[in-house]
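Asker: Following this line is target_24.txt, made up of compact mmCIF, C-alpha atoms:
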```
# COMPACT_ATOMS: atom_id res chain seq x y z
CA MET I 1 -70.29 69.11 -8.44
CA LEU I 2 -67.74 70.52 -6.11
CA LYS I 3 -67.84 67.28 -4.21
CA ILE I 4 -67.12 65.25 -7.32
CA HIS I 5 -64.34 67.62 -8.23
CA ARG I 6 -62.72 67.28 -4.83
CA THR I 7 -62.98 63.51 -4.96
CA VAL I 8 -61.43 63.32 -8.39
CA THR I 9 -58.68 65.74 -7.40
CA ALA I 10 -57.81 63.77 -4.26
CA GLY I 11 -57.73 60.52 -6.20
CA ALA I 12 -55.62 61.93 -8.99
CA LEU I 13 -53.15 63.41 -6.54
CA ALA I 14 -52.89 60.11 -4.69
CA ILE I 15 -52.33 58.16 -7.90
CA LEU I 16 -49.84 60.73 -9.13
CA PHE I 17 -47.91 60.59 -5.86
CA SER I 18 -47.68 56.78 -5.65
CA GLY I 19 -47.03 56.52 -9.36
CA SER I 20 -44.10 58.89 -9.10
CA LEU I 21 -42.73 56.85 -6.24
CA VAL I 22 -42.83 53.73 -8.39
CA LEU I 23 -41.23 55.47 -11.32
CA VAL I 24 -38.42 56.82 -9.16
CA GLY I 25 -37.80 53.32 -7.83
CA CYS I 26 -37.67 51.78 -11.33
CA SER I 27 -35.29 54.27 -12.85
CA SER I 28 -32.63 53.68 -10.01
CA SER I 29 -32.01 49.94 -10.85
CA PRO I 30 -29.15 48.66 -13.01
CA ASP I 31 -30.06 47.82 -16.57
CA ASP I 32 -29.72 44.39 -18.21
CA ALA I 33 -26.21 45.03 -19.46
CA GLN I 34 -25.06 46.01 -15.99
CA MET I 35 -26.67 42.93 -14.43
CA LYS I 36 -24.91 40.80 -17.05
CA GLN I 37 -21.64 42.47 -16.12
CA LEU I 38 -22.23 41.61 -12.47
CA ASN I 39 -23.21 37.98 -13.25
CA ASP I 40 -20.19 37.52 -15.51
CA LEU I 41 -17.98 38.84 -12.73
CA LYS I 42 -19.51 36.38 -10.27
CA ASP I 43 -18.93 33.51 -12.72
CA GLU I 44 -15.33 34.59 -13.12
CA VAL I 45 -14.87 34.58 -9.34
CA THR I 46 -16.39 31.06 -9.08
CA SER I 47 -14.06 29.81 -11.80
CA LEU I 48 -11.04 31.36 -10.10
CA GLN I 49 -12.01 29.79 -6.78
CA LYS I 50 -12.04 26.36 -8.44
CA ASP I 51 -8.72 27.06 -10.11
CA VAL I 52 -7.13 28.10 -6.81
CA ALA I 53 -8.52 24.99 -5.04
CA ALA I 54 -7.14 22.73 -7.78
CA LYS I 55 -3.71 24.37 -7.63
CA GLU I 56 -3.66 24.06 -3.83
CA ASP I 57 -4.37 20.32 -4.17
CA GLN I 58 -1.65 19.99 -6.78
CA LYS I 59 0.82 21.82 -4.56
CA SER I 60 -0.04 19.61 -1.59
CA THR I 61 0.50 16.48 -3.71
CA LEU I 62 3.84 17.77 -4.97
CA GLU I 63 4.98 18.56 -1.43
CA LYS I 64 4.36 14.94 -0.42
CA GLU I 65 6.00 13.64 -3.58
CA ILE I 66 9.11 15.73 -2.97
CA ALA I 67 9.28 14.61 0.67
CA ASP I 68 9.11 10.94 -0.44
CA LYS I 69 11.82 11.47 -3.05
CA ASN I 70 14.07 13.19 -0.54
CA ALA I 71 13.64 10.20 1.78
CA LYS I 72 14.59 7.83 -1.07
CA MET I 73 17.67 9.94 -1.83
CA LYS I 74 18.74 9.79 1.80
CA LYS I 75 18.33 6.00 1.81
CA CYS I 76 20.39 5.71 -1.37
CA ASN I 77 23.18 7.77 0.18
CA ASP I 78 23.00 5.71 3.38
CA ASP I 79 23.14 2.49 1.33
CA GLN I 80 26.27 3.70 -0.44
CA ALA I 81 27.93 4.26 2.94
CA ILE I 82 26.92 0.76 4.14
CA VAL I 83 28.21 -0.91 0.97
CA LYS I 84 31.54 0.92 1.28
CA GLN I 85 31.85 -0.34 4.87
CA ARG I 86 31.07 -3.90 3.80
CA LEU I 87 33.55 -3.72 0.94
CA ALA I 88 36.23 -2.49 3.33
CA LYS I 89 35.83 -5.60 5.53
CA MET M 90 -64.26 62.36 3.28
CA ASN M 91 -67.00 60.48 1.39
CA LEU M 92 -66.97 56.92 0.14
CA LYS M 93 -65.77 57.69 -3.35
CA SER M 94 -62.82 59.65 -2.07
CA THR M 95 -61.97 56.83 0.28
CA TYR M 96 -61.98 54.38 -2.62
CA PHE M 97 -59.66 56.61 -4.62
CA VAL M 98 -57.22 56.94 -1.78
CA LEU M 99 -57.27 53.18 -1.16
CA ALA M 100 -56.65 52.51 -4.85
CA ALA M 101 -53.76 54.93 -4.83
CA LEU M 102 -52.30 53.31 -1.76
CA LEU M 103 -52.63 49.91 -3.44
CA VAL M 104 -50.76 51.10 -6.49
CA PHE M 105 -48.09 52.50 -4.20
CA ALA M 106 -47.76 49.24 -2.26
CA VAL M 107 -47.49 47.11 -5.42
CA GLY M 108 -45.06 49.52 -6.93
CA SER M 109 -42.78 49.65 -3.93
CA ALA M 110 -42.87 45.88 -3.56
CA ALA M 111 -41.86 45.52 -7.18
CA ALA M 112 -39.18 48.15 -6.72
CA GLN M 113 -37.74 46.30 -3.69
CA ASP M 114 -37.25 42.99 -5.70
CA LYS M 115 -34.90 44.80 -8.06
CA MET M 116 -31.39 45.72 -7.02
CA THR M 117 -30.76 49.38 -6.70
CA LYS M 118 -27.91 50.98 -8.53
CA ASP M 119 -26.09 51.54 -5.29
CA GLN M 120 -26.38 47.87 -4.37
CA TRP M 121 -25.20 46.86 -7.83
CA GLN M 122 -22.19 49.11 -7.52
CA GLN M 123 -21.31 47.61 -4.14
CA GLU M 124 -21.53 44.12 -5.60
CA ILE M 125 -19.38 45.09 -8.55
CA THR M 126 -16.73 46.52 -6.23
CA LYS M 127 -16.81 43.47 -3.96
CA TYR M 128 -16.57 40.89 -6.73
CA THR M 129 -13.93 42.86 -8.59
CA GLN M 130 -11.75 42.79 -5.47
CA MET M 131 -12.39 39.08 -5.04
CA ARG M 132 -11.46 38.44 -8.65
CA ASP M 133 -8.25 40.41 -8.37
CA ASP M 134 -7.25 38.67 -5.12
CA LEU M 135 -8.00 35.23 -6.54
CA SER M 136 -6.13 36.00 -9.75
CA ALA M 137 -3.05 36.98 -7.78
CA LYS M 138 -3.34 33.86 -5.61
CA ALA M 139 -3.78 31.59 -8.64
CA LYS M 140 -0.73 33.14 -10.28
CA ALA M 141 1.41 32.66 -7.16
CA LEU M 142 0.25 29.06 -6.80
CA GLY M 143 0.98 28.42 -10.47
CA THR M 144 4.54 29.62 -9.94
CA ASP M 145 4.93 27.39 -6.89
CA VAL M 146 3.59 24.34 -8.75
CA THR M 147 5.93 24.90 -11.70
CA SER M 148 8.91 25.27 -9.39
CA MET M 149 7.99 22.14 -7.43
CA GLN M 150 7.48 20.10 -10.60
CA ALA M 151 10.98 21.07 -11.68
CA GLN M 152 12.32 20.15 -8.24
CA SER M 153 10.57 16.76 -8.40
CA SER M 154 12.05 16.01 -11.83
CA GLN M 155 15.52 17.00 -10.62
CA LEU M 156 15.14 14.64 -7.66
CA ASP M 157 14.31 11.80 -10.07
CA ALA M 158 17.49 12.48 -12.03
CA ASP M 159 19.60 12.75 -8.85
CA TYR M 160 18.15 9.51 -7.50
CA GLN M 161 18.96 7.69 -10.71
CA LYS M 162 22.57 8.92 -10.51
CA CYS M 163 22.78 7.83 -6.87
CA MET M 164 21.51 4.32 -7.67
CA ASP M 165 23.89 4.01 -10.63
CA ALA M 166 26.75 4.96 -8.33
CA LEU M 167 25.56 2.41 -5.75
CA TYR M 168 25.54 -0.42 -8.30
CA ALA M 169 28.91 0.73 -9.64
CA LEU M 170 30.43 0.30 -6.14
CA VAL M 171 29.89 -3.47 -6.51
CA GLY M 172 30.85 -3.56 -10.18
CA SER M 173 27.28 -3.79 -11.41
CA ASP M 174 24.53 -1.73 -13.00
CA ALA M 175 20.77 -1.24 -12.93
CA THR M 176 20.07 -3.94 -15.52
CA LYS M 177 22.06 -6.61 -13.68
CA ALA M 178 20.51 -5.49 -10.39
CA ALA M 179 17.03 -5.93 -11.87
CA ALA M 180 17.91 -9.47 -12.99
CA TYR M 181 19.41 -10.24 -9.58
CA ARG M 182 16.25 -8.90 -7.92
CA SER M 183 14.18 -11.31 -10.06
CA ASP M 184 16.41 -14.23 -9.06
CA ILE M 185 15.93 -13.41 -5.38
CA GLU M 186 12.19 -13.14 -5.87
CA ALA M 187 12.14 -16.57 -7.54
CA ALA M 188 14.07 -18.06 -4.61
CA GLU M 189 11.67 -16.41 -2.14
CA ASN M 190 8.70 -17.86 -4.01
CA LYS M 191 10.27 -21.33 -3.94
CA ALA M 192 10.99 -21.01 -0.20
CA ASN M 193 7.40 -19.96 0.47
CA GLU M 194 6.07 -22.82 -1.64
CA LEU M 195 8.19 -25.38 0.24
CA SER M 196 7.24 -23.83 3.60
CA ARG M 197 3.56 -24.50 2.90
CA LEU M 198 4.12 -28.25 2.40
CA SER M 199 3.29 -30.86 4.99
CA ASP M 200 6.29 -32.56 6.58
CA ALA M 201 5.71 -35.73 4.57
CA ASP M 202 5.52 -33.82 1.28
CA LEU M 203 8.61 -31.83 2.20
CA VAL M 204 10.55 -35.06 2.76
CA ALA M 205 9.44 -36.23 -0.68
CA ARG M 206 10.77 -32.96 -2.14
CA SER M 207 13.91 -32.75 -0.04
CA SER M 208 16.07 -32.41 -3.17
CA GLU M 209 14.32 -29.09 -3.89
CA VAL M 210 15.30 -27.86 -0.44
CA ASN M 211 18.91 -28.77 -1.20
CA ASP M 212 18.70 -26.99 -4.57
CA LEU M 213 17.25 -23.91 -2.89
CA ALA M 214 20.04 -23.87 -0.31
CA ALA M 215 22.62 -24.04 -3.11
CA ASN M 216 20.85 -21.28 -5.02
CA VAL M 217 20.82 -18.97 -2.00
CA LYS M 218 24.51 -19.67 -1.45
CA SER M 219 25.31 -18.63 -5.02
CA LEU M 220 23.18 -15.50 -4.66
CA TRP M 221 25.28 -14.51 -1.64
CA GLU M 222 28.40 -14.90 -3.73
CA ASN M 223 27.28 -12.08 -6.03
CA LYS M 224 28.64 -8.70 -4.85
CA LEU M 225 25.20 -7.20 -5.32
CA SER M 226 24.34 -9.00 -2.08
CA LEU M 227 26.24 -6.24 -0.22
CA ILE M 228 23.51 -3.74 -1.10
CA PRO M 229 21.08 -3.46 1.86
CA GLU M 230 17.99 -4.15 -0.24
CA PHE M 231 19.41 -7.54 -1.30
CA TRP M 232 21.36 -8.23 1.88
CA ASP M 233 18.17 -8.06 3.98
CA ARG M 234 16.20 -10.27 1.61
CA LEU M 235 18.95 -12.89 1.44
CA THR M 236 19.22 -12.87 5.23
CA ALA M 237 15.50 -13.61 5.48
CA LEU M 238 15.87 -16.33 2.80
CA ASN M 239 18.69 -17.91 4.79
CA GLU M 240 16.39 -18.24 7.78
CA LYS M 241 13.67 -19.88 5.69
CA VAL M 242 16.13 -22.36 4.20
CA LYS M 243 17.49 -23.20 7.66
CA SER M 244 13.96 -23.75 8.90
CA LEU M 245 13.20 -26.08 5.98
CA GLN M 246 16.44 -28.00 6.55
CA ALA M 247 15.64 -28.29 10.27
CA THR M 248 12.18 -29.65 9.43
CA LEU M 249 13.76 -32.27 7.16
CA ALA M 250 16.34 -33.21 9.79
CA ASN M 251 13.57 -33.75 12.35
CA GLN M 252 11.65 -36.17 10.18
CA VAL M 253 11.73 -39.80 11.16
CA LYS M 254 13.23 -41.90 8.42
CA VAL M 255 11.25 -44.93 7.32
CA TYR M 256 12.83 -48.09 5.94
CA THR M 257 10.85 -50.64 3.96
CA VAL M 258 12.06 -54.15 4.62
CA GLY M 259 13.17 -56.06 1.57
CA THR M 260 13.58 -59.82 1.27
CA TRP M 261 16.23 -61.95 2.90
CA ALA M 262 16.92 -63.66 -0.39
CA LYS M 263 17.63 -60.46 -2.29
CA ASP M 264 18.39 -57.77 0.27
CA ARG M 265 19.59 -59.80 3.24
CA ASP M 266 17.45 -57.51 5.35
CA CYS M 267 17.58 -58.14 9.08
CA LEU M 268 17.84 -55.57 11.87
CA TRP M 269 21.61 -56.02 12.08
CA ASN M 270 22.18 -55.49 8.34
CA ILE M 271 19.69 -52.63 8.14
CA SER M 272 21.43 -50.86 11.02
CA LYS M 273 24.77 -51.37 9.25
CA LYS M 274 23.65 -49.47 6.15
CA LYS M 275 25.42 -46.16 5.55
CA ASP M 276 22.17 -44.17 5.18
CA ILE M 277 20.69 -45.72 8.38
CA TYR M 278 23.17 -45.89 11.30
CA ASP M 279 26.31 -47.16 9.60
CA ASN M 280 26.70 -49.23 12.76
CA ALA M 281 25.18 -52.69 13.13
CA TRP M 282 25.30 -52.55 16.97
CA LEU M 283 22.56 -49.97 16.94
CA TRP M 284 19.97 -52.53 15.73
CA PRO M 285 18.12 -52.39 19.14
CA LYS M 286 17.12 -48.81 18.30
CA ILE M 287 15.12 -50.08 15.31
CA TRP M 288 13.64 -52.89 17.41
CA GLN M 289 12.56 -50.61 20.29
CA GLY M 290 11.30 -47.96 17.88
CA ASN M 291 9.00 -50.51 16.25
CA ARG M 292 7.75 -52.66 19.16
CA ASP M 293 4.25 -52.48 17.66
CA GLN M 294 5.52 -54.36 14.58
CA ILE M 295 8.46 -56.38 15.87
CA LYS M 296 7.73 -58.92 18.61
CA ASP M 297 10.87 -60.93 18.01
CA PRO M 298 13.88 -58.94 16.75
CA ASP M 299 15.02 -61.98 14.78
CA ILE M 300 11.85 -61.93 12.70
CA ILE M 301 10.99 -59.10 10.32
CA HIS M 302 8.92 -59.34 7.19
CA HIS M 303 9.18 -58.13 3.66
CA GLY M 304 7.19 -54.91 3.17
CA GLN M 305 7.25 -53.82 6.79
CA LYS M 306 7.81 -50.06 7.13
CA LEU M 307 10.18 -49.57 10.05
CA LYS M 308 10.73 -46.19 11.69
CA ILE M 309 14.41 -45.37 12.12
CA PRO M 310 14.74 -43.41 15.39
CA LYS M 311 17.28 -40.59 15.52
CA GLY M 312 20.54 -40.90 17.42
CA ASN M 313 23.97 -42.48 17.12
CA GLU M 314 24.03 -44.45 20.37
CA LEU M 315 21.71 -46.67 22.39
CA ASN M 316 19.72 -45.11 25.18
CA ALA M 317 19.17 -46.85 28.54
CA GLU M 318 15.99 -48.62 27.42
CA GLU M 319 17.55 -49.88 24.22
CA LYS M 320 20.66 -51.07 26.09
CA SER M 321 18.48 -52.90 28.61
CA ALA M 322 16.43 -54.56 25.86
CA ALA M 323 19.61 -55.61 24.04
CA LYS M 324 21.07 -57.03 27.28
CA LYS M 325 17.95 -59.12 27.90
CA TYR M 326 17.99 -60.37 24.32
CA TYR M 327 21.61 -61.50 24.50
CA ALA M 328 21.04 -63.07 27.91
CA LYS M 329 18.11 -65.01 26.54
CA LYS M 330 20.17 -66.13 23.56
CA ALA M 331 22.99 -67.21 25.78
CA ALA M 332 20.60 -69.19 27.98
CA LYS M 333 19.39 -71.27 25.04
```
Go ahead and render the structure in this file as structure tokens.
Answerer:
Amino acid sequence: MLKIHRTVTAGALAILFSGSLVLVGCSSSPDDAQMKQLNDLKDEVTSLQKDVAAKEDQKSTLEKEIADKNAKMKKCNDDQAIVKQRLAK
Amino acid sequence: MNLKSTYFVLAALLVFAVGSAAAQDKMTKDQWQQEITKYTQMRDDLSAKAKALGTDVTSMQAQSSQLDADYQKCMDALYALVGSDATKAAAYRSDIEAAENKANELSRLSDADLVARSSEVNDLAANVKSLWENKLSLIPEFWDRLTALNEKVKSLQATLANQVKVYTVGTWAKDRDCLWNISKKKDIYDNAWLWPKIWQGNRDQIKDPDIIHHGQKLKIPKGNELNAEEKSAAKKYYAKKAAK
């Protein structure tokens, strides 16, 4: 009888101990709403990264465009000077 | 410890192992908080960067538009220097392009075909001359293209000049064609004494210079005087005539 009692006691204690460990672990995780908050934040970051990449491309294109237009302006000014010289002859 | 106790302990350990494994798959609150902090910072940094880039892009778009307007003004001023405008310049540009296309077309012809279309070469030369007379030609864009056109026209004219003329003999009755009279023609040598040139240039067809036939196609060699060979041949001919 005592033997059975000891066995049952040991088993119950063991189960109680490991069960409490599991329960402690479960109650320290974020809930669904918090996980959604984190996932939404990650999505927002991904979207912003794409936006920044697109704007960087656009800026790079505009830099080239402006450089080309400046070159055309210079040529136009140079052409004016050449025409004036030719007219003076 | 007896067997039953051992089983209980093992079962408890199993529950513990499963439980802790399950617990490890889930993020802890601390880990979640760290992630939230990290991604919030990333979001804020990216938002600031996107805003700054947006400002730059807007500013550069305005700069690009202003450059378009300034360029237009510059070109209008350029055309005004020669008393013209953008519309007339566009029409002039089209005229030059048409002349360039004609020059390219004529350049691709064989020499024989070019001779047949020599009037088009003359028309092209006249067209290029009139294009030069327009003050728009002073603008480098047009000046350079007309200079290149000039070269092409000269090349075409040189090709024509190098071509051997061919004369088709008519009849004595109608055309009075003999080497002397052919040589006398204005569009041949305009000088009858150069008849030996035609004779020597066509030895394959003319055995006796006094005999040519209707329909013969005689090559008219270039030059306005007799070379040594032609002089020698003429001398022998006259000597032979005198001996008879």
Asker: Looking at M:Ser136, M:Gln123, M:Ser272, M:Gln150, which one is nearest to I:Asp51, with distances taken over all atoms listed in the file?
Answerer: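 Using all atoms listed in the file, the shortest distance to I:Asp51 belongs to M:Ser136.
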Asker: If you count only C-alpha atoms, which residues fall within 9 Å of stretch 213-216 of chain M, apart from same-chain ones fewer than 2 positions away, as a PyMOL selection string?
Answerer: chain M and resi 188+191-192+208-211+218-221+239+242-243+246
Asker: What are the residues of chain M lining chain I at 6 Å or less? Count only C-alpha atoms, and put the answer as a VMD selection string.
Answerer: chain M and resid 94 97 to 98 101 105 108 112 116 to 118 125 132 139 146 153 160 167 227 to 228
Asker: Identify the residues within 12 Å of coordinate (12.0, -57.8, 10.8) (same frame as the file), considering all atoms listed in the file, and give the answer as a PyMOL selection string.
Answerer: chain M and resi 256-261+265-272+284-285+287-289+291-308
Asker: Rounded to one decimal place, report the atom CA of M:Lys325-atom CA of M:Leu283 distance in Å.
Answerer: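 About the pair atom CA of M:Lys325 and atom CA of M:Leu283: they are 15.0 Å apart.
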Asker: From the set M:Ala169, M:Met149, M:Cys163, M:Leu235, which residue has the shortest atom-to-atom contact distance to M:Glu186, counting all atoms listed in the file?
Answerer: M:Leu235
Asker: Provide the atom CA of M:Phe231 to atom CA of M:Val217 distance in Å, to one decimal place.
Answerer: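 For atom CA of M:Phe231 relative to atom CA of M:Val217, the distance reads 11.5 Å.
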Asker: Report, in Å with one decimal, the straight-line distance from atom CA of M:Lys224 to atom CA of M:Leu170.
Answerer: 9.3 Å
Asker: Give me the residues within 10 Å of stretch 173-177 of chain M as a ChimeraX atom specification, counting all atoms listed in the file and dropping any in the same chain fewer than 3 places off.
Answerer: /M:161,164-170,180-183,223-225
